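> Have a look at this one before I ask anything.
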Amino acid sequence: MLENFDPNTIEDETVRKVVLYLMNVVENQHTTIQEQAEEIQRLRDENNRLKGEQGKPKIKANKPTPDQSSEKERRESKPHHKKVKQAEIRIDRIEVLKVDHKQLPQDAKFKGYEEVVVQDIEFRTENIKFRKEKYYSPRQKQTYLAEMPAGYKGQFGPGVKAWVLALYYAGGMSEPKILELLRTVGMSMSAGQLSDFLIKDQEQFHAESAAVVRAGLASSPWQHLDSTATRVGGKNEHCHILCNPFYTAYYTGSSKDRLSLLRVLQGGTDLVFQLNELAFNLLEQLGVAEIWRSKLTKLLPHGQNWSEDTLDHLLDKHLPRLGPKSRKLIKDSLAIAAYRSQTAWPVVELLICDDAPQFNWLTVELALCWIHEYRHYKKLTPHLPYHLEILDSFKENFWKFYRKLLVYRQNPNQGEAHSLQCEFEQLFGQTSGYDQLDKRKALTLAKKEPLLMVLSHPEILLHNNPAELGARQRVRKRDVSLHACTREGIGAWDTFQTIVATAKKLGVNMYQYFYDRITQTNILPSLAHLIEERSQNSQLSASWE
């Protein structure tokens, strides 16, 4: 009965408004009942757990779960062209296969060769016994011993060390599986030794990872930023992913507040705090009361840097009645002001992220992810067919507008920018009669400036997928290894995931890179140098366009 019902066909205006109102009441009540049912079940499960029993089993339905990725809606179908890979294969050796002349008739004539490329691999041990010359000087009472080649330290050579790093950090294999693989070719290695290869004595890689972050920040005034959960020693922490087209960097910390994100933007260094003109403006914009702003002016000298411990001590001593919320906003304001004023690290001017509140105010400009914004609309589950039809129509118009922004990026001009601004206001400002959708549209309309940042910066993306794809790699690592047991271990995760993700973007062979660094030949250029080179080439090509 409701499938084809359209309240707009009701001629009486009063009756039509009443029907529309009742339809929205039904929709809101249906949503409330669903949420309450889920909460009641969650409380029942928790109650049973506290009694030592089990909760309701989680049995997945036969029907597929709704896709939240938005990829199907936003991407237009394109014809698939299979790449020819034969030309890319490196030939290691050539072997001539001859025909048995006994089988050839007497009139057979040689017509050249028919070439067939076959790929194969050889994975075996290369156990070496080094005979180190040893001399002794009786006069000096000193023994002279030949040195081992670079990379040969302990019982294992650079090849196996490079493979272990590549299989674990680039290949996503677990430690037990790597041990199993090595033992199939006759390698004798303990689990502890393997763990040491992955974590211990990695100073050169930590240094290169830090250089990657600095070069990446300097390569572009805009950056992507996202966070995902990570467990360290059984405790919940957060992994932050910072990236642009030239690199991806990982940094794990105990929190994901503004101060933690500022540490990420400064390569994990300790924060400093400064009261300056920008800090005064931020204190007012973030809602810090006038009484505290006035006292800060008398307490802190203008333009002086303070460490976090010193600032906390001053606030405890001179502002004992300061509440935790105001204290946090004060520290945020002073840290942001110090970050934007410093010159030790490249300052990010534009941040591309989702609409989480901790990203606000970190940079001068903020661009929001359209894909993330659309997920709010995918969560709407209308009960009435009429509302479902309205929602489907809006989703279609959403992606039509998104594609217009993509076209604008290719050919930006002021007239088209003004037209798109007007269309944005019409799309999200016009009411539909479906209350839940209209409330969501009003929230999107309030984000007009960050969502339309592409109109003034056509060089940026409309989404935060690069950072989210980086976060997916940490999630995959978490699935394989569960968590890092120590702070040293999570530091190795961050370092090597930074190196692997950046090397992939730069087209660097991961095994060759590890082997080059372990043997200290340093034939391959540093990743930071490649970032600088690619960035300069990108800027040069953009200037010619």
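Letters A, B, ... mark the chains of the structure tokens in the order given; residue numbers begin at 1 per chain; ligand numbers begin at 1, in order shown.
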If you count only C-alpha atoms, which residues fall within 6 Å of Leu242 (chain A), apart from same-chain ones fewer than 5 positions away, as JSON, numbers by chain?
{"A": [224, 225, 248, 249]}
> Just list the residues in region 56-271 of chain A DSSP gives strand (DSSP E or B) on the backbone, as a PyMOL selection string.
chain A and resi 134-137+142-145+153+156+222-232+235-244+247-253
> Please produce an output containing N, CA and C atoms for each residue in the selection, written as an mmCIF file, in the first residue's frame.

data_model
loop_
_atom_site.group_PDB
_atom_site.id
_atom_site.type_symbol
_atom_site.label_atom_id
_atom_site.label_comp_id
_atom_site.auth_asym_id
_atom_site.auth_seq_id
_atom_site.Cartn_x
_atom_site.Cartn_y
_atom_site.Cartn_z
ATOM 1 N N LYS A 134 94.683 -14.326 10.525
ATOM 2 C CA LYS A 134 94.989 -13.846 11.863
ATOM 3 C C LYS A 134 96.492 -13.733 12.024
ATOM 4 N N TYR A 135 96.945 -12.575 12.477
ATOM 5 C CA TYR A 135 98.375 -12.338 12.728
ATOM 6 C C TYR A 135 98.556 -11.883 14.181
ATOM 7 N N TYR A 136 99.748 -12.222 14.675
ATOM 8 C CA TYR A 136 100.068 -11.806 16.041
ATOM 9 C C TYR A 136 101.423 -11.138 16.056
ATOM 10 N N SER A 137 101.514 -9.979 16.726
ATOM 11 C CA SER A 137 102.775 -9.245 16.855
ATOM 12 C C SER A 137 103.299 -9.421 18.280
ATOM 13 N N GLN A 142 99.809 -7.884 20.233
ATOM 14 C CA GLN A 142 98.479 -7.594 19.678
ATOM 15 C C GLN A 142 98.175 -8.539 18.526
ATOM 16 N N THR A 143 96.925 -8.973 18.457
ATOM 17 C CA THR A 143 96.465 -9.855 17.382
ATOM 18 C C THR A 143 95.741 -9.036 16.321
ATOM 19 N N TYR A 144 96.036 -9.326 15.063
ATOM 20 C CA TYR A 144 95.389 -8.649 13.930
ATOM 21 C C TYR A 144 94.535 -9.678 13.190
ATOM 22 N N LEU A 145 93.248 -9.374 13.056
ATOM 23 C CA LEU A 145 92.297 -10.305 12.461
ATOM 24 C C LEU A 145 91.589 -9.635 11.283
ATOM 25 N N LYS A 153 77.344 -9.628 9.997
ATOM 26 C CA LYS A 153 77.516 -9.454 11.429
ATOM 27 C C LYS A 153 76.762 -10.569 12.130
ATOM 28 N N PHE A 156 74.404 -14.426 10.534
ATOM 29 C CA PHE A 156 73.562 -14.328 9.355
ATOM 30 C C PHE A 156 74.018 -13.175 8.467
ATOM 31 N N TRP A 222 50.328 21.146 1.173
ATOM 32 C CA TRP A 222 49.133 20.441 1.652
ATOM 33 C C TRP A 222 49.458 18.982 1.932
ATOM 34 N N GLN A 223 48.781 18.436 2.948
ATOM 35 C CA GLN A 223 49.044 17.068 3.386
ATOM 36 C C GLN A 223 47.723 16.386 3.747
ATOM 37 N N HIS A 224 47.731 15.054 3.667
ATOM 38 C CA HIS A 224 46.614 14.233 4.137
ATOM 39 C C HIS A 224 46.934 13.730 5.543
ATOM 40 N N LEU A 225 45.903 13.577 6.380
ATOM 41 C CA LEU A 225 46.113 13.094 7.743
ATOM 42 C C LEU A 225 44.915 12.253 8.181
ATOM 43 N N ASP A 226 45.208 11.102 8.798
ATOM 44 C CA ASP A 226 44.153 10.225 9.312
ATOM 45 C C ASP A 226 44.723 9.430 10.479
ATOM 46 N N SER A 227 43.852 8.760 11.225
ATOM 47 C CA SER A 227 44.283 7.980 12.387
ATOM 48 C C SER A 227 43.535 6.661 12.432
ATOM 49 N N THR A 228 44.172 5.657 13.043
ATOM 50 C CA THR A 228 43.528 4.368 13.259
ATOM 51 C C THR A 228 44.050 3.776 14.563
ATOM 52 N N ALA A 229 43.275 2.857 15.125
ATOM 53 C CA ALA A 229 43.649 2.276 16.416
ATOM 54 C C ALA A 229 44.834 1.323 16.270
ATOM 55 N N THR A 230 45.673 1.284 17.305
ATOM 56 C CA THR A 230 46.827 0.384 17.376
ATOM 57 C C THR A 230 47.036 -0.002 18.836
ATOM 58 N N ARG A 231 47.368 -1.258 19.067
ATOM 59 C CA ARG A 231 47.626 -1.704 20.445
ATOM 60 C C ARG A 231 49.132 -1.860 20.657
ATOM 61 N N VAL A 232 49.599 -1.341 21.783
ATOM 62 C CA VAL A 232 51.012 -1.418 22.148
ATOM 63 C C VAL A 232 51.099 -1.985 23.562
ATOM 64 N N LYS A 235 47.788 -2.196 25.355
ATOM 65 C CA LYS A 235 47.037 -0.963 25.597
ATOM 66 C C LYS A 235 46.660 -0.308 24.273
ATOM 67 N N ASN A 236 45.497 0.336 24.259
ATOM 68 C CA ASN A 236 45.012 0.996 23.046
ATOM 69 C C ASN A 236 45.741 2.312 22.811
ATOM 70 N N GLU A 237 46.286 2.469 21.619
ATOM 71 C CA GLU A 237 46.906 3.722 21.213
ATOM 72 C C GLU A 237 46.398 4.078 19.812
ATOM 73 N N HIS A 238 46.998 5.077 19.192
ATOM 74 C CA HIS A 238 46.527 5.549 17.899
ATOM 75 C C HIS A 238 47.703 5.724 16.950
ATOM 76 N N CYS A 239 47.535 5.196 15.746
ATOM 77 C CA CYS A 239 48.532 5.384 14.692
ATOM 78 C C CYS A 239 48.046 6.480 13.766
ATOM 79 N N HIS A 240 48.876 7.502 13.560
ATOM 80 C CA HIS A 240 48.540 8.631 12.701
ATOM 81 C C HIS A 240 49.268 8.468 11.369
ATOM 82 N N ILE A 241 48.536 8.683 10.283
ATOM 83 C CA ILE A 241 49.092 8.520 8.935
ATOM 84 C C ILE A 241 49.130 9.876 8.261
ATOM 85 N N LEU A 242 50.328 10.316 7.913
ATOM 86 C CA LEU A 242 50.558 11.608 7.260
ATOM 87 C C LEU A 242 51.134 11.330 5.877
ATOM 88 N N CYS A 243 50.569 11.946 4.843
ATOM 89 C CA CYS A 243 51.051 11.608 3.508
ATOM 90 C C CYS A 243 50.678 12.661 2.475
ATOM 91 N N ASN A 244 51.306 12.537 1.322
ATOM 92 C CA ASN A 244 50.938 13.250 0.102
ATOM 93 C C ASN A 244 51.359 12.340 -1.061
ATOM 94 N N TYR A 247 55.006 10.464 -0.421
ATOM 95 C CA TYR A 247 55.425 9.685 0.747
ATOM 96 C C TYR A 247 54.211 9.351 1.612
ATOM 97 N N THR A 248 54.422 8.415 2.542
ATOM 98 C CA THR A 248 53.455 8.096 3.594
ATOM 99 C C THR A 248 54.244 7.830 4.868
ATOM 100 N N ALA A 249 53.847 8.491 5.954
ATOM 101 C CA ALA A 249 54.567 8.348 7.220
ATOM 102 C C ALA A 249 53.609 7.890 8.317
ATOM 103 N N TYR A 250 54.142 7.075 9.238
ATOM 104 C CA TYR A 250 53.360 6.528 10.348
ATOM 105 C C TYR A 250 53.958 7.000 11.663
ATOM 106 N N TYR A 251 53.068 7.366 12.590
ATOM 107 C CA TYR A 251 53.525 7.772 13.921
ATOM 108 C C TYR A 251 52.487 7.303 14.934
ATOM 109 N N THR A 252 52.904 6.513 15.921
ATOM 110 C CA THR A 252 51.990 5.964 16.921
ATOM 111 C C THR A 252 52.167 6.681 18.249
ATOM 112 N N GLY A 253 51.048 7.108 18.823
ATOM 113 C CA GLY A 253 51.060 7.793 20.107
ATOM 114 C C GLY A 253 49.877 7.362 20.952
#
> Interatomic distance between CA of Leu322 (chain A) and CA of Val272 (chain A)?
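Calculated distance between CA of Leu322 (chain A) and CA of Val272 (chain A) is 20.4 Å.
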> Which one is closest to Asn413 (chain A): A:Met510, A:Val454, A:Ala344, A:Cys353? Count only C-alpha atoms.
A:Val454
> Using only C-alpha atoms for the distances, tell me which of A:Phe424, A:Arg214, A:Asn537, A:Pro245 is nearest to Gly470 (chain A).
A:Pro245
> Looking at A:Glu389, A:Glu423, A:Asp107, A:Asp438, which one is nearest to Phe5 (chain A), with distances taken over only C-alpha atoms?
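Nearest to Phe5 (chain A): A:Glu389.
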> If I take CA of Gly287 (chain A) and CA of Leu351 (chain A), how far is one from the other in Å, to one decimal?
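Taking CA of Gly287 (chain A) as the start and CA of Leu351 (chain A) as the end point, the length is 22.5 Å.
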> For Asn509 (chain A), list every protein, DNA or RNA residue within 10 Å, evaluated using only C-alpha atoms, and leave out those in the same chain fewer than 5 positions away; present the list as a PyMOL selection string.
chain A and resi 166+500+503-504+514+524
> Extract, using only C-alpha atoms, all DNA, RNA and protein residues at most 12 Å from Thr269 (chain A), discarding same-chain residues fewer than 3 positions from it, and format them as a ChimeraX atom specification.
/A:210,213-214,251,253,259-266,272,307,339,344-345
> With all heavy atoms retained, could you export that selection as a CSV table (one decimal), in the first residue's frame?

chain,number,residue,atom,x,y,z
A,210,ALA,N,63.0,9.4,9.5
A,210,ALA,CA,62.8,10.8,9.9
A,210,ALA,C,63.1,11.7,8.7
A,210,ALA,O,62.4,12.8,8.6
A,210,ALA,CB,63.8,11.1,11.1
A,213,VAL,N,60.0,12.0,6.5
A,213,VAL,CA,59.0,12.8,7.0
A,213,VAL,C,59.3,14.3,6.7
A,213,VAL,O,58.5,15.1,6.2
A,213,VAL,CB,58.8,12.6,8.5
A,213,VAL,CG1,57.7,13.6,9.0
A,213,VAL,CG2,58.3,11.2,8.7
A,214,ARG,N,60.5,14.7,7.0
A,214,ARG,CA,60.9,16.1,6.7
A,214,ARG,C,60.8,16.4,5.2
A,214,ARG,O,60.3,17.5,4.9
A,214,ARG,CB,62.3,16.3,7.2
A,214,ARG,CG,62.8,17.8,7.1
A,214,ARG,CD,64.2,18.0,7.6
A,214,ARG,NE,64.2,17.9,9.1
A,214,ARG,CZ,64.0,18.9,9.9
A,214,ARG,NH1,63.7,20.1,9.3
A,214,ARG,NH2,64.0,18.8,11.2
A,251,TYR,N,53.1,7.4,12.6
A,251,TYR,CA,53.5,7.8,13.9
A,251,TYR,C,52.5,7.3,14.9
A,251,TYR,O,51.3,7.6,14.8
A,251,TYR,CB,53.7,9.3,14.0
A,251,TYR,CG,54.0,9.8,15.4
A,251,TYR,CD1,55.3,9.7,15.9
A,251,TYR,CD2,53.1,10.3,16.2
A,251,TYR,CE1,55.7,10.2,17.1
A,251,TYR,CE2,53.4,10.7,17.5
A,251,TYR,CZ,54.7,10.7,17.9
A,251,TYR,OH,55.0,11.1,19.2
A,253,GLY,N,51.0,7.1,18.8
A,253,GLY,CA,51.1,7.8,20.1
A,253,GLY,C,49.9,7.4,21.0
A,253,GLY,O,49.0,6.6,20.5
A,259,LEU,N,47.2,18.1,20.3
A,259,LEU,CA,48.7,18.1,20.7
A,259,LEU,C,49.4,16.9,20.0
A,259,LEU,O,50.5,17.0,19.5
A,259,LEU,CB,48.9,18.1,22.2
A,259,LEU,CG,48.3,19.3,23.0
A,259,LEU,CD1,48.7,19.2,24.4
A,259,LEU,CD2,48.8,20.6,22.4
A,260,SER,N,48.7,15.7,20.0
A,260,SER,CA,49.3,14.6,19.4
A,260,SER,C,49.5,14.8,17.9
A,260,SER,O,50.5,14.4,17.3
A,260,SER,CB,48.5,13.3,19.6
A,260,SER,OG,48.4,13.1,21.0
A,261,LEU,N,48.5,15.4,17.2
A,261,LEU,CA,48.6,15.7,15.8
A,261,LEU,C,49.6,16.7,15.5
A,261,LEU,O,50.3,16.6,14.4
A,261,LEU,CB,47.2,16.1,15.3
A,261,LEU,CG,46.1,15.1,15.4
A,261,LEU,CD1,44.8,15.7,14.9
A,261,LEU,CD2,46.4,13.8,14.6
A,262,LEU,N,49.8,17.6,16.4
A,262,LEU,CA,50.9,18.6,16.1
A,262,LEU,C,52.3,18.0,16.2
A,262,LEU,O,53.2,18.3,15.5
A,262,LEU,CB,50.8,19.8,17.2
A,262,LEU,CG,49.7,20.8,17.0
A,262,LEU,CD1,49.6,21.7,18.2
A,262,LEU,CD2,50.0,21.6,15.7
A,263,ARG,N,52.4,17.0,17.1
A,263,ARG,CA,53.7,16.2,17.2
A,263,ARG,C,53.9,15.5,15.8
A,263,ARG,O,55.1,15.4,15.4
A,263,ARG,CB,53.7,15.2,18.3
A,263,ARG,CG,53.7,15.9,19.7
A,263,ARG,CD,53.9,14.8,20.8
A,263,ARG,NE,53.9,15.5,22.1
A,263,ARG,CZ,52.8,15.6,22.9
A,263,ARG,NH1,51.6,15.1,22.4
A,263,ARG,NH2,52.8,16.2,24.0
A,264,VAL,N,52.9,15.0,15.3
A,264,VAL,CA,53.0,14.3,14.0
A,264,VAL,C,53.5,15.2,12.9
A,264,VAL,O,54.3,14.9,12.1
A,264,VAL,CB,51.6,13.6,13.6
A,264,VAL,CG1,51.7,13.0,12.2
A,264,VAL,CG2,51.2,12.6,14.6
A,265,LEU,N,52.9,16.4,12.9
A,265,LEU,CA,53.2,17.4,11.9
A,265,LEU,C,54.7,18.0,12.1
A,265,LEU,O,55.2,18.6,11.2
A,265,LEU,CB,52.3,18.6,11.9
A,265,LEU,CG,50.8,18.3,11.5
A,265,LEU,CD1,49.9,19.5,11.7
A,265,LEU,CD2,50.7,17.7,10.1
A,266,GLN,N,55.3,17.7,13.2
A,266,GLN,CA,56.6,18.1,13.5
A,266,GLN,C,57.6,16.9,13.7
A,266,GLN,O,58.6,16.9,14.4
A,266,GLN,CB,56.7,19.0,14.7
A,266,GLN,CG,55.9,20.3,14.5
A,266,GLN,CD,56.0,21.2,15.8
A,266,GLN,OE1,56.9,21.9,16.0
A,266,GLN,NE2,54.9,21.1,16.6
A,272,VAL,N,56.6,22.8,21.8
A,272,VAL,CA,56.8,24.0,22.5
A,272,VAL,C,55.5,24.8,22.5
A,272,VAL,O,54.7,24.6,21.6
A,272,VAL,CB,58.0,24.8,21.9
A,272,VAL,CG1,59.3,24.0,22.1
A,272,VAL,CG2,57.7,25.2,20.5
A,307,SER,N,58.4,24.7,27.3
A,307,SER,CA,58.2,23.3,27.2
A,307,SER,C,56.9,22.9,27.9
A,307,SER,O,56.3,23.7,28.7
A,307,SER,CB,59.3,22.5,27.9
A,307,SER,OG,59.3,22.7,29.3
A,339,TYR,N,53.6,26.3,16.7
A,339,TYR,CA,53.9,25.5,15.5
A,339,TYR,C,53.9,26.3,14.2
A,339,TYR,O,54.8,26.2,13.4
A,339,TYR,CB,52.8,24.4,15.4
A,339,TYR,CG,52.8,23.8,14.0
A,339,TYR,CD1,53.8,23.0,13.5
A,339,TYR,CD2,51.7,23.9,13.2
A,339,TYR,CE1,53.8,22.4,12.2
A,339,TYR,CE2,51.6,23.4,11.9
A,339,TYR,CZ,52.7,22.6,11.4
A,339,TYR,OH,52.6,22.1,10.2
A,344,ALA,N,61.8,25.4,12.3
A,344,ALA,CA,62.6,24.2,12.3
A,344,ALA,C,62.0,23.1,11.4
A,344,ALA,O,62.7,22.3,10.8
A,344,ALA,CB,62.7,23.7,13.7
A,345,TRP,N,60.6,23.1,11.3
A,345,TRP,CA,60.0,22.2,10.4
A,345,TRP,C,59.1,22.9,9.4
A,345,TRP,O,58.6,24.0,9.7
A,345,TRP,CB,59.1,21.2,11.3
A,345,TRP,CG,59.9,20.2,12.0
A,345,TRP,CD1,60.4,20.3,13.2
A,345,TRP,CD2,60.1,18.9,11.6
A,345,TRP,NE1,61.1,19.2,13.6
A,345,TRP,CE2,60.9,18.3,12.6
A,345,TRP,CE3,59.8,18.1,10.4
A,345,TRP,CZ2,61.4,16.9,12.5
A,345,TRP,CZ3,60.3,16.8,10.3
A,345,TRP,CH2,61.0,16.2,11.3
> Considering only alpha helix (DSSP H) as DSSP defines it on the backbone, what residues of region 393-537 of chain A qualify? List them as number ranges by chain.
A: 393-410, 414-429, 435-445, 448-451, 465-481, 487-506, 510-518, 527-537
> Can you pull out the residues contacting region 394-402 of chain A? Cut-off 12 Å, using only C-alpha atoms, and skip same-chain residues under 2 positions away; I want them as a ChimeraX atom specification.
/A:70-76,369-371,373-378,380,387-392,404-409,419-428,430-432,434,437-438,440-441,444,451-452,454,461-463
> What is the CA of Gly267 (chain A)-CA of Arg487 (chain A) distance in Å, reported with one decimal?
16.9 Å
> Which of these, A:Pro412, A:Arg16, A:Ser219, A:Lys447, has the shortest distance to Ser538 (chain A) once you count only C-alpha atoms?
A:Ser219
> At a cut-off of 8 Å, using only C-alpha atoms, what residues contact His529 (chain A)? Leave out same-chain residues fewer than 4 positions from it and give the result as a PyMOL selection string.
chain A and resi 215+525+533
> If you keep N, CA and C atoms, can you produce a file of those selected residues as a CSV table (one decimal), in the first residue's frame?

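The resulting part.csv:
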chain,number,residue,atom,x,y,z
A,215,ALA,N,61.4,15.6,4.4
A,215,ALA,CA,61.3,15.8,2.9
A,215,ALA,C,59.9,15.8,2.4
A,525,PRO,N,69.8,5.8,-4.1
A,525,PRO,CA,69.6,7.1,-3.5
A,525,PRO,C,68.7,7.0,-2.3
A,533,GLU,N,63.5,15.2,-5.4
A,533,GLU,CA,63.6,15.2,-6.8
A,533,GLU,C,62.2,15.2,-7.5
> Excluding same-chain residues fewer than 6 positions from Gln155 (chain A), what lies within 12 Å of it counting only C-alpha atoms, as a ChimeraX atom specification?
/A:127-130,148,161,187-190,193-194,197
